[in-house]
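Listing of data-v2.txt; format and content: compact mmCIF, C-alpha atoms.
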```
# COMPACT_ATOMS: atom_id res chain seq x y z
CA MET A 1 48.69 30.30 -49.71
CA LYS A 2 47.26 29.36 -53.09
CA ILE A 3 43.55 28.65 -53.39
CA TYR A 4 44.15 25.67 -55.65
CA THR A 5 46.04 22.57 -54.60
CA LYS A 6 45.27 20.22 -57.52
CA LYS A 7 44.68 17.46 -54.95
CA GLY A 8 41.00 17.29 -55.88
CA ASP A 9 41.62 16.77 -59.58
CA SER A 10 41.16 13.02 -59.13
CA GLY A 11 37.63 13.45 -57.72
CA THR A 12 38.45 13.26 -54.02
CA THR A 13 38.52 15.83 -51.26
CA GLN A 14 39.94 15.95 -47.77
CA LEU A 15 37.80 15.87 -44.67
CA ILE A 16 38.70 17.79 -41.54
CA GLY A 17 41.10 15.32 -39.98
CA GLY A 18 42.90 14.34 -43.17
CA ARG A 19 41.05 11.38 -44.71
CA ARG A 20 40.25 11.71 -48.41
CA VAL A 21 36.83 10.72 -49.72
CA PRO A 22 35.08 10.88 -53.11
CA LYS A 23 33.55 14.26 -53.84
CA SER A 24 30.32 12.43 -54.55
CA SER A 25 30.04 10.99 -51.02
CA LEU A 26 26.96 11.66 -48.93
CA LYS A 27 29.12 13.49 -46.40
CA ILE A 28 30.31 15.97 -49.03
CA GLU A 29 26.75 16.30 -50.34
CA ALA A 30 25.54 17.15 -46.82
CA TYR A 31 28.02 19.90 -46.03
CA GLY A 32 27.97 21.14 -49.63
CA THR A 33 24.22 21.65 -49.39
CA VAL A 34 24.64 23.48 -46.08
CA ASP A 35 27.21 25.70 -47.85
CA GLU A 36 24.73 26.32 -50.69
CA LEU A 37 22.10 27.32 -48.13
CA ASN A 38 24.58 29.67 -46.47
CA SER A 39 25.25 31.33 -49.83
CA TYR A 40 21.53 31.86 -50.48
CA LEU A 41 21.25 33.45 -47.04
CA GLY A 42 24.07 35.80 -48.01
CA PHE A 43 22.06 36.70 -51.11
CA LEU A 44 18.99 37.29 -48.94
CA ARG A 45 21.05 39.59 -46.71
CA ASP A 46 21.87 41.69 -49.77
CA HIS A 47 18.23 42.79 -49.92
CA ASP A 48 16.70 45.63 -47.95
CA LEU A 49 15.79 43.83 -44.72
CA ALA A 50 15.08 45.06 -41.23
CA LYS A 51 18.20 45.37 -39.09
CA ALA A 52 17.07 42.59 -36.73
CA GLN A 53 16.48 40.25 -39.69
CA THR A 54 19.95 40.95 -41.07
CA GLU A 55 21.51 40.31 -37.65
CA GLN A 56 19.58 37.04 -37.32
CA ILE A 57 20.71 35.88 -40.73
CA ILE A 58 24.35 36.65 -39.89
CA GLN A 59 24.01 34.56 -36.72
CA ILE A 60 22.41 31.75 -38.76
CA GLN A 61 25.24 31.90 -41.29
CA ASN A 62 27.74 31.48 -38.47
CA ASP A 63 25.73 28.53 -37.12
CA LEU A 64 25.74 26.98 -40.60
CA PHE A 65 29.54 27.23 -40.72
CA VAL A 66 29.66 25.30 -37.45
CA ILE A 67 27.29 22.68 -38.90
CA GLY A 68 29.36 22.49 -42.08
CA ALA A 69 32.53 21.90 -40.06
CA LEU A 70 30.84 19.20 -37.97
CA LEU A 71 29.62 17.47 -41.13
CA ALA A 72 33.04 17.82 -42.81
CA LYS A 73 34.90 16.17 -39.94
CA ASP A 74 36.32 12.70 -40.35
CA PRO A 75 34.32 10.70 -37.78
CA ASP A 76 37.51 8.90 -36.72
CA ALA A 77 39.48 12.12 -36.17
CA LYS A 78 40.10 13.13 -32.59
CA MET A 79 39.98 16.90 -32.76
CA ALA A 80 37.95 19.66 -31.21
CA LEU A 81 35.64 21.71 -33.39
CA PRO A 82 33.17 24.43 -32.51
CA GLU A 83 29.93 23.02 -31.15
CA LEU A 84 26.36 23.78 -32.08
CA ASN A 85 24.67 24.74 -28.84
CA GLU A 86 21.03 24.33 -27.90
CA LYS A 87 20.68 28.14 -27.73
CA ALA A 88 21.01 28.29 -31.51
CA ILE A 89 17.81 26.24 -31.83
CA THR A 90 16.06 28.22 -29.10
CA ASP A 91 16.97 31.48 -30.87
CA LEU A 92 15.28 30.22 -34.06
CA GLU A 93 12.17 29.27 -32.09
CA ASN A 94 12.04 32.65 -30.35
CA TRP A 95 12.44 34.52 -33.64
CA ILE A 96 9.67 32.42 -35.21
CA ASP A 97 7.37 33.16 -32.27
CA GLU A 98 8.13 36.90 -32.43
CA MET A 99 7.37 37.06 -36.15
CA ASP A 100 4.30 34.87 -35.79
CA GLU A 101 2.74 37.38 -33.37
CA THR A 102 2.58 39.94 -36.19
CA LEU A 103 1.29 37.60 -38.92
CA GLU A 104 -2.22 36.59 -39.86
CA PRO A 105 -2.94 32.98 -38.96
CA MET A 106 -2.32 30.48 -41.77
CA ARG A 107 -5.53 29.37 -43.49
CA ASN A 108 -3.98 28.10 -46.69
CA PHE A 109 -0.57 27.29 -48.06
CA VAL A 110 0.89 30.35 -49.79
CA LEU A 111 2.49 30.48 -53.20
CA PRO A 112 6.16 31.47 -52.99
CA GLY A 113 7.00 34.88 -54.41
CA GLY A 114 5.79 38.46 -54.49
CA HIS A 115 9.14 40.10 -53.73
CA PRO A 116 12.73 38.99 -54.45
CA ALA A 117 13.54 38.66 -50.72
CA VAL A 118 10.41 36.55 -50.15
CA SER A 119 11.35 34.30 -53.07
CA ILE A 120 14.90 33.87 -51.73
CA CYS A 121 13.43 32.87 -48.33
CA HIS A 122 11.42 30.13 -50.04
CA ILE A 123 14.40 28.96 -52.13
CA SER A 124 16.49 28.90 -48.95
CA ARG A 125 13.76 26.94 -47.17
CA CYS A 126 13.80 24.33 -49.94
CA VAL A 127 17.60 24.06 -49.86
CA CYS A 128 17.42 23.76 -46.08
CA ARG A 129 14.93 20.89 -46.38
CA ARG A 130 17.26 19.18 -48.86
CA ALA A 131 20.20 19.62 -46.48
CA GLU A 132 18.05 18.10 -43.74
CA ARG A 133 17.10 15.08 -45.91
CA ILE A 134 20.70 14.44 -46.90
CA THR A 135 21.86 14.79 -43.29
CA VAL A 136 19.19 12.30 -42.20
CA ASP A 137 20.60 9.85 -44.76
CA LEU A 138 24.12 10.51 -43.50
CA SER A 139 23.03 9.94 -39.90
CA ALA A 140 22.01 6.39 -40.82
CA SER A 141 25.68 5.51 -41.39
CA GLU A 142 27.47 7.93 -39.07
CA THR A 143 26.83 9.30 -35.60
CA LEU A 144 26.12 13.02 -35.83
CA ASP A 145 25.35 15.66 -33.24
CA GLU A 146 21.57 15.33 -32.89
CA LYS A 147 21.25 19.11 -32.66
CA ILE A 148 22.18 19.40 -36.34
CA LEU A 149 18.93 17.82 -37.49
CA GLY A 150 16.89 19.82 -34.98
CA TYR A 151 18.56 23.02 -36.13
CA LEU A 152 17.97 22.36 -39.83
CA ASN A 153 14.35 21.43 -39.16
CA ARG A 154 13.74 24.60 -37.17
CA LEU A 155 15.65 26.72 -39.69
CA SER A 156 13.30 25.73 -42.51
CA ASP A 157 10.37 26.83 -40.31
CA TYR A 158 12.18 30.10 -39.59
CA LEU A 159 12.76 30.72 -43.30
CA PHE A 160 9.10 30.10 -44.12
CA THR A 161 8.02 32.48 -41.36
CA LEU A 162 10.64 35.04 -42.36
CA GLY A 163 9.29 34.98 -45.93
CA ARG A 164 5.81 35.73 -44.59
CA LYS A 165 7.17 38.49 -42.34
CA ILE A 166 9.10 40.12 -45.17
CA ALA A 167 5.96 40.01 -47.32
CA LEU A 168 4.12 41.82 -44.52
CA ASP A 169 6.95 44.35 -44.08
CA LYS A 170 7.08 45.03 -47.83
CA ASN A 171 3.28 45.20 -48.06
CA VAL A 172 3.19 42.28 -50.49
CA ALA A 173 -0.03 40.28 -50.61
CA GLU A 174 0.38 36.57 -49.98
CA ILE A 175 -1.35 34.51 -52.64
CA PRO A 176 -3.06 31.52 -51.07
CA TRP A 177 -2.90 28.16 -52.77
CA ILE A 178 -6.45 27.14 -53.47
CA PRO A 179 -6.60 23.76 -55.19
CA SER A 180 -8.91 23.54 -58.17
CA LYS A 181 -11.92 21.30 -57.62
```
Structure translated into structure tokens:
Amino acid sequence: MKIYTKKGDSGTTQLIGGRRVPKSSLKIEAYGTVDELNSYLGFLRDHDLAKAQTEQIIQIQNDLFVIGALLAKDPDAKMALPELNEKAITDLENWIDEMDETLEPMRNFVLPGGHPAVSICHISRCVCRRAERITVDLSASETLDEKILGYLNRLSDYLFTLGRKIALDKNVAEIPWIPSK
């Protein structure tokens, strides 16, 4: 099978189910942003992380493929796709709680950075928030699985907490944001 089909040369792409839509549609923007987030998480995995963190990220990447498929589906198509289950959201919450037990309480916002893996967590968090905003817009015109928005919201919290945990693990000082007076 060839990777190129030339069918998209006119600026359209095919949804799961067969319907063609403009590549600029909100639907394509939503699952494209989820794909971008997944790629950043792959980049994060390439850094020296704890085994549990790497395993969590792999699970998240799989969840994001499910979300991408659900977003890429033609809403009129009658076909079964993998489902995002509530456990995926609960896993994120449990991981956040576990990391939070080891972290100093937040007293200020922190400036992103200090280590490449921490920076990638913050970039991923921002891309996740963008995916969430776009998916909220899409949900105004199309019925989506409500767990998608909950998952993306929780994932951005996980990525923020993971960045803090990696900073702790790497012995990198968090720089608090202190507004000038």
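Comparing the minimum interatomic distances between A:Trp95 and each of A:Leu144, A:Leu162, A:Val110, A:Cys121, counting only C-alpha atoms, we find that A:Leu162 sits nearest.
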Hey, which bits of stretch 115-141 of chain A sit within 12 Å of stretch 63-79 of chain A, and for each residue what's the closest pair of atoms and how far apart in Å (one decimal), counting only C-alpha atoms, rows by chain and increasing number, as a tab-separated table?
```
residue	atom	partner	partner_atom	distance
A:Cys128	CA	A:Leu64	CA	10.5
A:Ala131	CA	A:Gly68	CA	10.6
A:Glu132	CA	A:Ile67	CA	11.4
A:Ile134	CA	A:Leu71	CA	11.0
A:Thr135	CA	A:Leu71	CA	8.5
A:Val136	CA	A:Leu71	CA	11.7
A:Leu138	CA	A:Leu71	CA	9.2
A:Ser139	CA	A:Leu71	CA	10.1
A:Ser141	CA	A:Pro75	CA	10.7
```
Using C-alpha atoms, can you export the residues from the last selection as a PDB file, in the coordinates of the input?
```pdb
ATOM      1  CA  CYS A 128      17.420  23.760 -46.080  1.00  0.00           C
ATOM      2  CA  ALA A 131      20.200  19.620 -46.480  1.00  0.00           C
ATOM      3  CA  GLU A 132      18.050  18.100 -43.740  1.00  0.00           C
ATOM      4  CA  ILE A 134      20.700  14.440 -46.900  1.00  0.00           C
ATOM      5  CA  THR A 135      21.860  14.790 -43.290  1.00  0.00           C
ATOM      6  CA  VAL A 136      19.190  12.300 -42.200  1.00  0.00           C
ATOM      7  CA  LEU A 138      24.120  10.510 -43.500  1.00  0.00           C
ATOM      8  CA  SER A 139      23.030   9.940 -39.900  1.00  0.00           C
ATOM      9  CA  SER A 141      25.680   5.510 -41.390  1.00  0.00           C
TER      10      SER A 141
END
```
A:Phe160: which residues within 9 Å, counting only C-alpha atoms, same-chain residues fewer than 5 positions away excluded, as a PyMOL selection string?
chain A and resi 118+121-122+124-125+155+165
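In terms of minimum interatomic distance to A:Trp177, A:Phe109 ranks closest within A:Arg130, A:Phe109, A:Arg164, A:Arg154, counting only C-alpha atoms.
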Residues within 10 Å of A:Asn108, all atoms listed in the file, excluding chain neighbours under 6 positions, as an mmCIF file with C-alpha atoms, in the coordinates of the input:
```cif
data_model
loop_
_atom_site.group_PDB
_atom_site.id
_atom_site.type_symbol
_atom_site.label_atom_id
_atom_site.label_comp_id
_atom_site.auth_asym_id
_atom_site.auth_seq_id
_atom_site.Cartn_x
_atom_site.Cartn_y
_atom_site.Cartn_z
ATOM 1 C CA ILE A 175 -1.350 34.510 -52.640
ATOM 2 C CA PRO A 176 -3.060 31.520 -51.070
ATOM 3 C CA TRP A 177 -2.900 28.160 -52.770
ATOM 4 C CA ILE A 178 -6.450 27.140 -53.470
ATOM 5 C CA PRO A 179 -6.600 23.760 -55.190
#
```
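Pairwise distance (atom CA of A:Leu159, atom CA of A:Ile96) equals 8.8 Å.
You will find atom CA of A:Pro112 at 29.0 Å from atom CA of A:Ile28.
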Near-A:Ile166 list (8 Å; only C-alpha atoms; drop same-chain fewer than 3 positions) as a PDB file with C-alpha atoms, in the coordinates of the input:
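Contents of around.pdb, freshly written:
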```pdb
ATOM      1  CA  LEU A  49      15.790  43.830 -44.720  1.00  0.00           C
ATOM      2  CA  ALA A 117      13.540  38.660 -50.720  1.00  0.00           C
ATOM      3  CA  VAL A 118      10.410  36.550 -50.150  1.00  0.00           C
ATOM      4  CA  LEU A 162      10.640  35.040 -42.360  1.00  0.00           C
ATOM      5  CA  GLY A 163       9.290  34.980 -45.930  1.00  0.00           C
ATOM      6  CA  ASP A 169       6.950  44.350 -44.080  1.00  0.00           C
ATOM      7  CA  LYS A 170       7.080  45.030 -47.830  1.00  0.00           C
TER       8      LYS A 170
END
```
In Å to one decimal, how far is atom CA of A:Ser156 from atom CA of A:Lys23?
25.9 Å
Ranking A:Glu146, A:Lys27, A:Ala167, A:Leu41 by minimum distance to A:Thr102 and counting only C-alpha atoms, which one comes first?
A:Ala167
From the list A:Ala140, A:Leu152, A:Ala30, A:His115, the nearest residue to A:Ala173 using all atoms listed in the file is A:His115
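Counting all atoms listed in the file and comparing A:Ile148, A:Lys6, A:Glu142, A:Thr161, the residue that lies closest to A:Pro105 is A:Thr161.
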With a distance cut-off of 12 Å and all atoms listed in the file, select the neighbouring residues of A:Ile58, excluding the residue or stretch itself and same-chain residues fewer than 5 positions from it, and output the selection as number ranges by chain.
A: 38-46, 51-53, 63-65
Here is a test: counting all atoms listed in the file, which residue of A:Gly114, A:Tyr4, A:Gln61, A:Ser119 is nearest to A:Val34?
A:Gln61
